[in-house]
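Structure file start_39.cif (mmCIF, C-alpha atoms) follows.
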```cif
data_structure
#
loop_
_atom_site.label_atom_id
_atom_site.label_comp_id
_atom_site.auth_asym_id
_atom_site.auth_seq_id
_atom_site.Cartn_x
_atom_site.Cartn_y
_atom_site.Cartn_z
CA MET A 1 109.71 15.97 54.06
CA GLN A 2 110.28 18.97 51.94
CA GLY A 3 107.00 20.34 53.12
CA SER A 4 107.94 19.73 56.75
CA VAL A 5 111.31 21.41 56.22
CA SER A 6 109.61 24.33 54.58
CA ARG A 7 107.15 24.53 57.42
CA GLU A 8 110.01 24.33 59.93
CA PHE A 9 112.07 27.03 58.26
CA GLY A 10 108.95 29.03 57.69
CA GLY A 11 108.11 28.82 61.38
CA LEU A 12 111.61 29.95 62.32
CA ALA A 13 111.39 32.87 59.92
CA HIS A 14 107.98 33.77 61.25
CA SER A 15 109.31 33.56 64.83
CA HIS A 16 112.31 35.70 63.89
CA ILE A 17 110.09 38.41 62.40
CA HIS A 18 107.91 38.54 65.51
CA SER A 19 111.00 38.63 67.74
CA GLY A 20 112.33 41.61 65.78
CA LYS A 21 109.04 43.43 66.24
CA ARG A 22 109.19 42.80 69.99
CA VAL A 23 112.75 44.15 70.20
CA SER A 24 111.84 47.22 68.11
CA ALA A 25 108.78 47.89 70.30
CA ALA A 26 110.82 47.53 73.49
CA ARG A 27 113.43 49.97 72.21
CA ALA A 28 110.74 52.44 71.20
CA ARG A 29 109.17 52.10 74.63
CA ARG A 30 112.50 52.70 76.39
CA SER A 31 113.20 55.70 74.14
CA TRP A 32 109.79 57.20 74.93
CA LEU A 33 110.27 56.63 78.67
CA LEU A 34 113.73 58.23 78.52
CA ARG A 35 112.37 61.33 76.81
CA ARG A 36 109.50 61.43 79.30
CA ARG A 37 111.96 61.24 82.20
CA ARG A 38 114.06 64.10 80.76
CA ARG A 39 110.94 66.22 80.35
CA ARG A 40 109.85 65.59 83.96
CA LEU A 41 113.31 66.38 85.31
CA ALA A 42 113.38 69.61 83.30
CA LEU A 43 110.05 70.59 84.89
CA GLY A 44 111.27 69.72 88.38
CA LEU A 45 109.10 66.56 88.68
CA PRO A 46 110.41 63.25 90.02
CA GLY A 47 111.57 61.03 87.17
CA ARG A 48 111.59 57.25 86.82
CA SER A 49 114.34 55.20 85.28
CA PRO A 50 113.48 53.11 82.20
CA SER A 51 115.03 50.10 83.94
CA SER A 52 112.20 50.18 86.48
CA PHE A 53 109.76 49.16 83.77
CA GLY A 54 110.94 45.59 83.38
CA GLY A 55 114.52 45.96 82.12
CA GLY A 56 113.46 46.32 78.50
CA GLU A 57 111.00 43.38 78.41
CA TRP A 58 107.76 44.35 76.73
CA ARG A 59 104.47 43.68 78.39
CA ARG A 60 101.42 44.85 76.54
CA ARG A 61 99.52 47.48 78.47
CA GLU A 62 97.58 50.59 77.72
CA PRO A 63 99.66 53.81 77.97
CA PRO A 64 98.72 56.06 80.92
CA ASP A 65 96.82 59.28 80.40
CA TRP A 66 99.13 62.17 79.61
CA PRO A 67 99.18 64.82 82.44
CA GLU A 68 97.42 68.06 81.49
CA HIS A 69 100.14 70.34 82.87
CA LEU A 70 102.85 68.71 80.70
CA PRO A 71 103.45 69.26 76.99
CA GLY A 72 102.09 66.67 74.59
CA PRO A 73 103.80 63.26 74.17
CA PRO A 74 106.56 62.92 71.58
CA ILE A 75 105.35 62.56 67.99
CA LYS A 76 105.88 59.12 66.54
CA VAL A 77 107.79 59.22 63.26
CA GLN A 78 107.24 56.62 60.58
CA ARG A 79 110.58 54.92 59.95
CA GLU A 80 111.48 52.67 57.08
CA GLU A 81 111.97 48.98 57.62
CA GLY A 82 115.42 48.19 59.00
CA GLU A 83 116.04 51.72 60.33
CA GLU A 84 116.76 51.72 64.05
CA GLU A 85 115.69 54.42 66.46
CA ASP A 86 118.40 56.19 68.41
CA ASP A 87 117.83 56.60 72.14
CA ASP A 88 119.67 59.93 72.17
CA ASP A 89 117.53 61.46 69.40
CA GLU A 90 115.14 64.36 69.96
CA GLU A 91 116.51 65.53 73.31
CA GLU A 92 114.36 68.10 75.12
CA GLU A 93 115.54 71.68 75.28
CA GLU A 94 116.33 72.89 78.76
CA GLU A 95 114.41 75.84 80.09
CA GLU A 96 116.30 79.08 80.33
CA GLU A 97 116.98 80.33 83.82
CA GLU A 98 115.91 83.87 84.51
CA ALA A 99 118.96 86.02 85.07
CA PRO A 100 119.25 88.09 88.26
CA SER A 101 118.01 91.65 87.87
CA TRP A 102 121.36 93.17 88.69
CA LEU A 103 122.96 91.30 85.74
CA LEU A 104 120.48 92.68 83.23
CA GLU A 105 121.21 95.68 81.11
CA PRO A 106 118.65 98.55 81.00
CA GLY A 107 116.85 96.84 78.12
CA GLY A 108 116.40 93.66 80.15
CA ARG A 109 119.05 91.73 78.23
CA MET A 110 121.70 89.62 79.80
CA GLY A 111 124.87 91.66 80.15
CA SER A 112 128.25 90.18 79.42
CA ARG A 113 129.54 91.65 82.66
CA ILE A 114 128.37 93.68 85.67
CA THR A 115 128.14 97.41 84.99
CA PHE A 116 129.90 99.17 87.87
CA PHE A 117 129.25 102.76 88.87
CA GLU A 118 131.62 105.62 89.55
CA VAL A 119 130.72 108.01 92.37
CA GLU A 120 132.17 111.51 92.59
CA ILE A 121 131.71 113.25 95.95
CA LEU A 122 131.96 117.05 96.07
CA ASP A 123 131.82 119.54 98.92
CA TRP A 124 128.36 121.10 98.99
CA LYS A 125 129.76 124.62 99.57
CA THR A 126 132.91 124.90 97.49
CA LYS A 127 132.00 122.21 94.89
CA GLN A 128 135.55 120.90 95.34
CA GLN A 129 136.08 117.20 94.70
CA LEU A 130 136.66 115.27 97.91
CA CYS A 131 137.01 111.77 96.49
CA PHE A 132 136.23 109.60 93.48
CA LEU A 133 134.97 106.06 94.10
CA GLU A 134 135.52 103.52 91.32
CA LYS A 135 133.87 100.13 90.70
CA VAL A 136 130.90 100.72 92.96
CA GLU A 137 128.42 97.86 92.70
CA PRO A 138 125.02 98.79 91.26
CA ARG A 139 123.23 97.41 94.35
CA ALA A 140 125.30 99.56 96.72
CA THR A 141 123.26 101.79 99.04
CA ILE A 142 123.92 105.29 100.33
CA SER A 143 124.92 103.67 103.61
CA ASP A 144 127.64 101.76 101.74
CA ILE A 145 128.81 105.00 100.10
CA ARG A 146 129.08 106.64 103.52
CA LEU A 147 131.20 103.78 104.81
CA MET A 148 133.53 104.07 101.79
CA PHE A 149 133.78 107.83 102.35
CA HIS A 150 134.52 107.26 106.05
CA LYS A 151 137.48 105.05 105.16
CA ILE A 152 138.99 107.97 103.22
CA TYR A 153 138.05 110.65 105.79
CA PRO A 154 137.96 108.98 109.24
CA GLN A 155 136.99 112.25 110.97
CA TRP A 156 133.61 112.19 109.20
CA TYR A 157 131.86 109.10 110.52
CA PRO A 158 128.63 108.04 108.75
CA ALA A 159 126.28 109.62 111.33
CA ARG A 160 127.55 113.13 110.59
CA GLN A 161 127.50 112.74 106.79
CA SER A 162 124.76 114.15 104.61
CA MET A 163 124.82 112.91 101.00
CA ARG A 164 122.55 114.63 98.47
CA LEU A 165 122.09 114.89 94.71
CA ASP A 166 121.82 118.69 94.83
CA PRO A 167 123.82 121.03 97.08
CA GLN A 168 120.59 122.61 98.37
CA GLY A 169 118.54 119.41 98.23
CA LYS A 170 117.55 116.93 100.89
CA SER A 171 119.76 114.22 102.30
CA LEU A 172 119.46 110.81 100.69
CA LYS A 173 118.22 107.96 102.85
CA ASP A 174 120.57 105.17 103.88
CA GLU A 175 118.51 102.47 102.14
CA GLU A 176 118.41 104.17 98.72
CA ILE A 177 120.21 102.16 96.00
CA ILE A 178 122.68 103.87 93.69
CA GLN A 179 121.36 102.32 90.45
CA LEU A 180 117.80 103.46 91.23
CA LEU A 181 118.79 107.11 91.62
CA PRO A 182 118.30 109.51 88.68
CA VAL A 183 122.00 109.41 87.74
CA GLY A 184 124.12 107.82 85.05
CA THR A 185 126.95 105.37 85.53
CA THR A 186 128.94 108.28 86.97
CA ALA A 187 127.02 109.72 89.92
CA THR A 188 127.80 113.05 91.55
CA LEU A 189 126.95 113.41 95.24
CA TYR A 190 127.36 116.46 97.46
CA PHE A 191 128.66 116.02 100.98
CA LYS A 192 127.73 118.16 103.98
CA ASP A 193 129.18 117.79 107.44
CA LEU A 194 126.36 117.67 110.00
CA GLY A 195 128.74 118.20 112.88
CA PRO A 196 129.23 115.99 115.94
CA GLN A 197 126.23 113.77 116.55
CA LEU A 198 125.10 112.51 119.93
CA GLY A 199 123.88 108.95 120.06
CA TRP A 200 120.55 108.27 121.74
CA THR A 201 122.30 106.58 124.68
CA MET A 202 124.52 109.60 125.36
CA ASN A 203 121.60 111.98 124.79
CA CYS A 204 119.40 110.08 127.24
CA ALA A 205 122.22 109.87 129.78
CA TYR A 206 122.68 113.65 129.55
CA TYR A 207 119.02 114.54 130.09
CA TRP A 208 118.16 111.80 132.58
CA GLY A 209 121.35 112.45 134.52
CA PHE A 210 120.57 116.13 134.86
CA ALA A 211 116.94 115.33 135.67
CA ALA A 212 118.03 113.08 138.55
CA TRP A 213 120.46 115.70 139.81
CA LEU A 214 117.84 118.47 139.71
CA ALA A 215 115.21 116.26 141.33
CA TYR A 216 117.59 115.47 144.19
CA TYR A 217 118.04 119.15 145.07
CA ILE A 218 114.45 120.21 144.49
CA ASN A 219 113.01 117.38 146.59
CA HIS A 220 115.65 117.47 149.32
CA PRO A 221 114.33 118.01 152.87
CA LEU A 222 116.57 121.08 153.25
CA TYR A 223 115.27 122.71 150.04
CA THR A 224 114.08 126.29 150.64
CA PRO A 225 111.17 127.84 148.66
CA PRO A 226 111.67 130.87 146.37
CA SER A 227 112.63 134.13 148.10
CA TYR A 228 109.59 136.10 146.87
CA GLY A 229 107.14 133.36 147.63
CA GLN A 230 103.99 132.82 145.60
CA LYS A 231 104.49 135.92 143.43
CA GLN A 232 107.80 134.53 142.15
CA VAL A 233 106.20 131.14 141.51
CA ASN A 234 103.28 132.68 139.59
CA PHE A 235 105.56 134.86 137.46
CA ALA A 236 107.79 131.87 136.62
CA LEU A 237 104.81 129.67 135.71
CA ILE A 238 103.39 132.34 133.40
CA MET A 239 106.80 132.66 131.73
CA VAL A 240 107.15 128.89 131.30
CA PHE A 241 103.68 128.37 129.78
CA THR A 242 104.01 131.43 127.51
CA CYS A 243 107.35 130.26 126.11
CA GLU A 244 106.01 126.73 125.62
CA ALA A 245 103.05 128.10 123.65
CA GLY A 246 105.46 130.19 121.54
CA ASN A 247 107.71 127.18 120.92
CA PHE A 248 104.71 125.14 119.76
CA SER A 249 103.56 127.95 117.42
CA ILE A 250 107.00 128.18 115.80
CA HIS A 251 107.12 124.45 115.15
CA VAL A 252 103.67 124.57 113.54
CA ALA A 253 104.76 127.44 111.29
CA LEU A 254 107.95 125.61 110.26
CA SER A 255 105.97 122.44 109.59
CA ASN A 256 103.58 124.31 107.28
CA LEU A 257 106.56 125.88 105.53
CA ARG A 258 108.14 122.48 104.90
CA ARG A 259 104.83 121.15 103.60
CA ASP A 260 104.59 124.06 101.13
CA GLY A 261 108.21 123.50 100.14
CA LYS A 262 107.47 119.88 99.24
CA ARG A 263 104.70 120.99 96.89
CA SER A 264 106.77 123.67 95.15
CA LYS A 265 110.10 121.85 95.60
CA THR A 266 111.78 125.11 96.63
CA CYS A 267 113.16 126.29 99.96
CA LYS A 268 111.48 129.33 101.49
CA ILE A 269 112.38 131.94 104.08
CA PRO A 270 110.28 131.58 107.26
CA TYR A 271 108.20 134.69 107.88
CA PRO A 272 105.79 135.67 110.68
CA THR A 273 102.14 134.67 110.33
CA LYS A 274 98.94 136.01 111.90
CA ASN A 275 99.83 134.16 115.08
CA PRO A 276 101.48 136.73 117.43
CA PHE A 277 103.90 134.12 118.74
CA THR A 278 105.50 133.90 115.28
CA TRP A 279 106.29 137.63 115.22
CA LEU A 280 109.63 136.79 116.78
CA PHE A 281 110.67 135.80 113.22
CA TYR A 282 111.13 139.54 112.61
CA PHE A 283 114.15 139.54 114.91
CA VAL A 284 115.72 136.04 115.05
CA SER A 285 116.22 133.14 112.68
CA CYS A 286 115.50 130.42 115.26
CA PRO A 287 112.73 131.67 117.58
CA ASN A 288 112.06 128.11 118.71
CA TYR A 289 115.43 128.11 120.48
CA THR A 290 114.65 131.55 121.92
CA TYR A 291 111.38 130.30 123.38
CA GLU A 292 113.03 127.14 124.73
CA LEU A 293 115.70 129.22 126.43
CA GLY A 294 112.95 131.34 127.97
CA THR A 295 111.27 128.18 129.29
CA TRP A 296 114.41 127.08 131.12
CA ILE A 297 115.01 130.58 132.49
CA GLY A 298 111.45 130.55 133.87
CA PHE A 299 112.05 127.11 135.41
CA THR A 300 115.24 128.43 137.03
CA ILE A 301 113.29 131.33 138.55
CA LEU A 302 110.58 128.92 139.69
CA THR A 303 112.94 126.55 141.52
CA GLN A 304 115.62 129.08 142.52
CA CYS A 305 118.14 126.22 142.40
CA VAL A 306 121.80 126.41 141.31
CA PRO A 307 121.86 123.03 139.44
CA VAL A 308 118.85 124.19 137.39
CA GLY A 309 120.68 127.40 136.53
CA LEU A 310 123.75 125.39 135.43
CA PHE A 311 121.60 123.18 133.21
CA THR A 312 120.01 126.31 131.66
CA LEU A 313 123.49 127.72 130.90
CA LEU A 314 124.59 124.52 129.12
CA CYS A 315 121.35 124.47 127.10
CA PHE A 316 121.92 128.08 126.07
CA ILE A 317 125.45 127.30 124.82
CA GLN A 318 124.33 124.29 122.79
CA MET A 319 121.27 126.00 121.29
CA THR A 320 123.38 129.02 120.36
CA VAL A 321 125.70 126.77 118.33
CA TRP A 322 122.72 125.25 116.49
CA ALA A 323 121.07 128.63 115.92
CA LYS A 324 124.23 130.24 114.50
CA ASP A 325 124.68 127.32 112.10
CA LYS A 326 121.06 127.60 110.92
CA HIS A 327 121.36 131.38 110.58
CA GLY A 328 124.48 131.01 108.45
CA THR A 329 122.70 128.50 106.22
CA TYR A 330 119.83 130.95 105.63
CA ILE A 331 122.26 133.70 104.66
CA ARG A 332 124.06 131.44 102.17
CA GLN A 333 120.86 130.16 100.61
CA PHE A 334 118.96 133.45 100.28
CA LYS A 335 120.58 136.65 99.04
CA ASP A 336 117.54 138.67 100.15
CA TYR A 337 117.52 137.27 103.69
CA PRO A 338 116.40 139.93 106.24
CA SER A 339 119.49 141.65 107.63
CA LEU A 340 117.77 142.61 110.90
CA ARG A 341 117.55 139.03 112.07
CA MET A 342 120.03 137.58 114.55
CA SER A 343 120.58 133.94 115.48
CA ILE A 344 118.83 133.48 118.84
CA ILE A 345 118.72 136.73 120.88
CA PRO A 346 117.18 139.81 119.20
CA PHE A 347 119.70 142.59 118.39
CA LEU A 348 122.52 140.79 120.29
CA LEU A 349 123.35 137.25 119.20
#
```

Could you render the structure from this file as structure tokens?
Amino acid sequence: MQGSVSREFGGLAHSHIHSGKRVSAARARRSWLLRRRRRRLALGLPGRSPSSFGGGEWRRREPPDWPEHLPGPPIKVQREEGEEEDDDDEEEEEEEEEAPSWLLEPGGRMGSRITFFEVEILDWKTKQQLCFLEKVEPRATISDIRLMFHKIYPQWYPARQSMRLDPQGKSLKDEEIIQLLPVGTTATLYFKDLGPQLGWTMNCAYYWGFAAWLAYYINHPLYTPPSYGQKQVNFALIMVFTCEAGNFSIHVALSNLRRDGKRSKTCKIPYPTKNPFTWLFYFVSCPNYTYELGTWIGFTILTQCVPVGLFTLLCFIQMTVWAKDKHGTYIRQFKDYPSLRMSIIPFLL
């Protein structure tokens, strides 16, 4: 009987030991699955709950192959007998999120706060301060600066504003970003008033409206031909084509001058070239307007029509305003600018 009791108690002890091993293995399995699920969630992969693997009951199976794109499985640590494994042990570190570029300091480090800019706007002629903009966001564009400036000076809407880094430099584009410009946290911009600007709709309405009006009179059944007949027509055509050729030559010369200015990064005075049509530079600052005026005068002689003459007069007034402004700019920029030159009409205007 003693032997049977010993065998009975021995069997219970043996069963208890094996039951403890099964519980320890199940807990280790659940701990490994939990860590695996955290790792997959951190990598953006769908995770599986440990409860979906049998609610903690252990069934002997071979572990699946570890995916190649994931880090290695957790290292098993030898624990002493009686020491339990904690499910919350060895948590995976979360991946750091990349900070937005506008929150990074120049060295690429995460800034404690956004670095705002200050923008000082000066008059391009007098260098007098017009306004001082504070807390300008680093991603603000020149278009945003123009809108801020317009709120302070409503008479200068964005279309007539020219913002530049240098008083004699080129206008900055609307899409340029303030933090990408070669300035510090306090940027200095120079403002120039471009004058009233005509939108493309108003500009088209002006030209197409006049074109329709002129076409009505010229093509009217009661229209009378020029007084001097074919001689007047021939003279007017020669004048029109000559002035158009001169206008084209001036634009080519100015284009070459701008191309040379981009290479040397300096503004230059336009001078006559070997092309005879450019010799008008000896007498006027804007010979392209002079040639265009001559074209419309020739067209007026060709048609001998009052509406055409009225259109030519309006063109002359507008081009004179533009020419005088350009002439004044040349005089301010260049101290050695030729004194013989006028704006649009040699020796007169």

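Going from CA of Tyr337 (chain A) to CA of Thr242 (chain A) covers 28.0 Å.
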
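Reported to one decimal place, the separation of CA of Asn256 (chain A) from CA of Leu165 (chain A) is 24.3 Å.
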
Exercise: residues within 12 Å of coordinate (116.2, 131.9, 133.1), counting only C-alpha atoms, as a PDB file with C-alpha atoms, in the frame of the given file:
```pdb
ATOM      1  CA  PHE A 235     105.560 134.860 137.460  1.00  0.00           C
ATOM      2  CA  ALA A 236     107.790 131.870 136.620  1.00  0.00           C
ATOM      3  CA  LEU A 237     104.810 129.670 135.710  1.00  0.00           C
ATOM      4  CA  MET A 239     106.800 132.660 131.730  1.00  0.00           C
ATOM      5  CA  VAL A 240     107.150 128.890 131.300  1.00  0.00           C
ATOM      6  CA  CYS A 243     107.350 130.260 126.110  1.00  0.00           C
ATOM      7  CA  THR A 290     114.650 131.550 121.920  1.00  0.00           C
ATOM      8  CA  TYR A 291     111.380 130.300 123.380  1.00  0.00           C
ATOM      9  CA  GLU A 292     113.030 127.140 124.730  1.00  0.00           C
ATOM     10  CA  LEU A 293     115.700 129.220 126.430  1.00  0.00           C
ATOM     11  CA  GLY A 294     112.950 131.340 127.970  1.00  0.00           C
ATOM     12  CA  THR A 295     111.270 128.180 129.290  1.00  0.00           C
ATOM     13  CA  TRP A 296     114.410 127.080 131.120  1.00  0.00           C
ATOM     14  CA  ILE A 297     115.010 130.580 132.490  1.00  0.00           C
ATOM     15  CA  GLY A 298     111.450 130.550 133.870  1.00  0.00           C
ATOM     16  CA  PHE A 299     112.050 127.110 135.410  1.00  0.00           C
ATOM     17  CA  THR A 300     115.240 128.430 137.030  1.00  0.00           C
ATOM     18  CA  ILE A 301     113.290 131.330 138.550  1.00  0.00           C
ATOM     19  CA  LEU A 302     110.580 128.920 139.690  1.00  0.00           C
ATOM     20  CA  THR A 303     112.940 126.550 141.520  1.00  0.00           C
ATOM     21  CA  GLN A 304     115.620 129.080 142.520  1.00  0.00           C
ATOM     22  CA  CYS A 305     118.140 126.220 142.400  1.00  0.00           C
ATOM     23  CA  VAL A 306     121.800 126.410 141.310  1.00  0.00           C
ATOM     24  CA  VAL A 308     118.850 124.190 137.390  1.00  0.00           C
ATOM     25  CA  GLY A 309     120.680 127.400 136.530  1.00  0.00           C
ATOM     26  CA  LEU A 310     123.750 125.390 135.430  1.00  0.00           C
ATOM     27  CA  PHE A 311     121.600 123.180 133.210  1.00  0.00           C
ATOM     28  CA  THR A 312     120.010 126.310 131.660  1.00  0.00           C
ATOM     29  CA  LEU A 313     123.490 127.720 130.900  1.00  0.00           C
ATOM     30  CA  LEU A 314     124.590 124.520 129.120  1.00  0.00           C
ATOM     31  CA  CYS A 315     121.350 124.470 127.100  1.00  0.00           C
ATOM     32  CA  PHE A 316     121.920 128.080 126.070  1.00  0.00           C
TER      33      PHE A 316
END
```

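The coordinates place CA of Gly229 (chain A) at 19.8 Å from CA of Pro307 (chain A).
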
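Distances to Leu172 (chain A) were evaluated for A:Gln333, A:Ser143, A:Ser249, A:Thr185 using all atoms listed in the file, and the minimum falls at A:Ser143.
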
* Give the answer as one residue: which of A:Asn219, A:Lys192, A:Asn247, A:Lys268 has the shortest atom-to-atom distance to Asp336 (chain A), using all atoms listed in the file? => A:Lys268

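Considering the residues A:Phe191, A:Lys231, A:Asn203, A:Ser171 and counting only C-alpha atoms, His150 (chain A) has its shortest atom-to-atom contact with A:Phe191.
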
* To do: Skip region 281-285 of chain A itself and residues of its chain fewer than 2 positions away, then list as a PyMOL selection string all residues within 9 Å of it, counting only C-alpha atoms.
  => chain A and resi 250+270-272+277-279+287-288+290+323-324+326-327+330+338+340-347+349

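Of the listed residues (A:Val136, A:Leu33, A:Leu280, A:Ile121), A:Val136 comes nearest to Gln179 (chain A); the distances count all atoms listed in the file.
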
* Evaluate the PyMOL selection byres ((chain A and resi 161-164) around 8) here and jot the selected residues down as a PyMOL selection string. => chain A and resi 142+146+156-160+165-167+169-172+189-194

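For the residues A:Ala253, A:Leu348, A:Ala28, A:Ile269, ranking by smallest atom-to-atom distance to Arg332 (chain A) using only C-alpha atoms places A:Ile269 first.
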
N, CA and C atoms for region 292-320 of chain A, written as a tab-separated table (two decimals), keeping the file's coordinate frame, could you do that?
```tsv
chain	number	residue	atom	x	y	z
A	292	GLU	N	112.58	128.23	123.84
A	292	GLU	CA	113.03	127.14	124.73
A	292	GLU	C	113.97	127.66	125.80
A	293	LEU	N	114.82	128.59	125.44
A	293	LEU	CA	115.70	129.22	126.43
A	293	LEU	C	114.87	129.96	127.48
A	294	GLY	N	113.82	130.65	127.02
A	294	GLY	CA	112.95	131.34	127.97
A	294	GLY	C	112.25	130.36	128.92
A	295	THR	N	111.90	129.19	128.43
A	295	THR	CA	111.27	128.18	129.29
A	295	THR	C	112.20	127.76	130.43
A	296	TRP	N	113.47	127.51	130.09
A	296	TRP	CA	114.41	127.08	131.12
A	296	TRP	C	114.78	128.21	132.07
A	297	ILE	N	114.79	129.44	131.59
A	297	ILE	CA	115.01	130.58	132.49
A	297	ILE	C	113.84	130.69	133.47
A	298	GLY	N	112.62	130.53	132.98
A	298	GLY	CA	111.45	130.55	133.87
A	298	GLY	C	111.50	129.41	134.88
A	299	PHE	N	111.95	128.23	134.47
A	299	PHE	CA	112.05	127.11	135.41
A	299	PHE	C	113.14	127.38	136.46
A	300	THR	N	114.20	128.06	136.06
A	300	THR	CA	115.24	128.43	137.03
A	300	THR	C	114.69	129.40	138.07
A	301	ILE	N	113.91	130.38	137.62
A	301	ILE	CA	113.29	131.33	138.55
A	301	ILE	C	112.29	130.61	139.46
A	302	LEU	N	111.59	129.65	138.93
A	302	LEU	CA	110.58	128.92	139.69
A	302	LEU	C	111.21	128.11	140.82
A	303	THR	N	112.31	127.43	140.52
A	303	THR	CA	112.94	126.55	141.52
A	303	THR	C	113.96	127.27	142.38
A	304	GLN	N	114.57	128.33	141.83
A	304	GLN	CA	115.62	129.08	142.52
A	304	GLN	C	116.69	128.11	143.03
A	305	CYS	N	117.19	127.29	142.06
A	305	CYS	CA	118.14	126.22	142.40
A	305	CYS	C	119.35	126.35	141.49
A	306	VAL	N	120.56	126.24	142.08
A	306	VAL	CA	121.80	126.41	141.31
A	306	VAL	C	121.96	125.32	140.25
A	307	PRO	N	121.73	124.04	140.51
A	307	PRO	CA	121.86	123.03	139.44
A	307	PRO	C	120.95	123.31	138.25
A	308	VAL	N	119.74	123.85	138.50
A	308	VAL	CA	118.85	124.19	137.39
A	308	VAL	C	119.44	125.32	136.57
A	309	GLY	N	120.03	126.30	137.25
A	309	GLY	CA	120.68	127.40	136.53
A	309	GLY	C	121.86	126.93	135.69
A	310	LEU	N	122.63	125.94	136.19
A	310	LEU	CA	123.75	125.39	135.43
A	310	LEU	C	123.25	124.64	134.19
A	311	PHE	N	122.18	123.89	134.35
A	311	PHE	CA	121.60	123.18	133.21
A	311	PHE	C	121.10	124.17	132.16
A	312	THR	N	120.49	125.28	132.60
A	312	THR	CA	120.01	126.31	131.66
A	312	THR	C	121.17	126.93	130.89
A	313	LEU	N	122.31	127.15	131.56
A	313	LEU	CA	123.49	127.72	130.90
A	313	LEU	C	124.02	126.78	129.82
A	314	LEU	N	124.11	125.48	130.12
A	314	LEU	CA	124.59	124.52	129.12
A	314	LEU	C	123.63	124.44	127.93
A	315	CYS	N	122.32	124.48	128.21
A	315	CYS	CA	121.35	124.47	127.10
A	315	CYS	C	121.50	125.71	126.23
A	316	PHE	N	121.75	126.84	126.84
A	316	PHE	CA	121.92	128.08	126.07
A	316	PHE	C	123.14	127.99	125.15
A	317	ILE	N	124.24	127.42	125.64
A	317	ILE	CA	125.45	127.30	124.82
A	317	ILE	C	125.19	126.38	123.62
A	318	GLN	N	124.58	125.23	123.88
A	318	GLN	CA	124.33	124.29	122.79
A	318	GLN	C	123.35	124.84	121.77
A	319	MET	N	122.27	125.46	122.22
A	319	MET	CA	121.27	126.00	121.29
A	319	MET	C	121.82	127.18	120.51
A	320	THR	N	122.75	127.92	121.09
A	320	THR	CA	123.38	129.02	120.36
A	320	THR	C	124.20	128.49	119.19
```
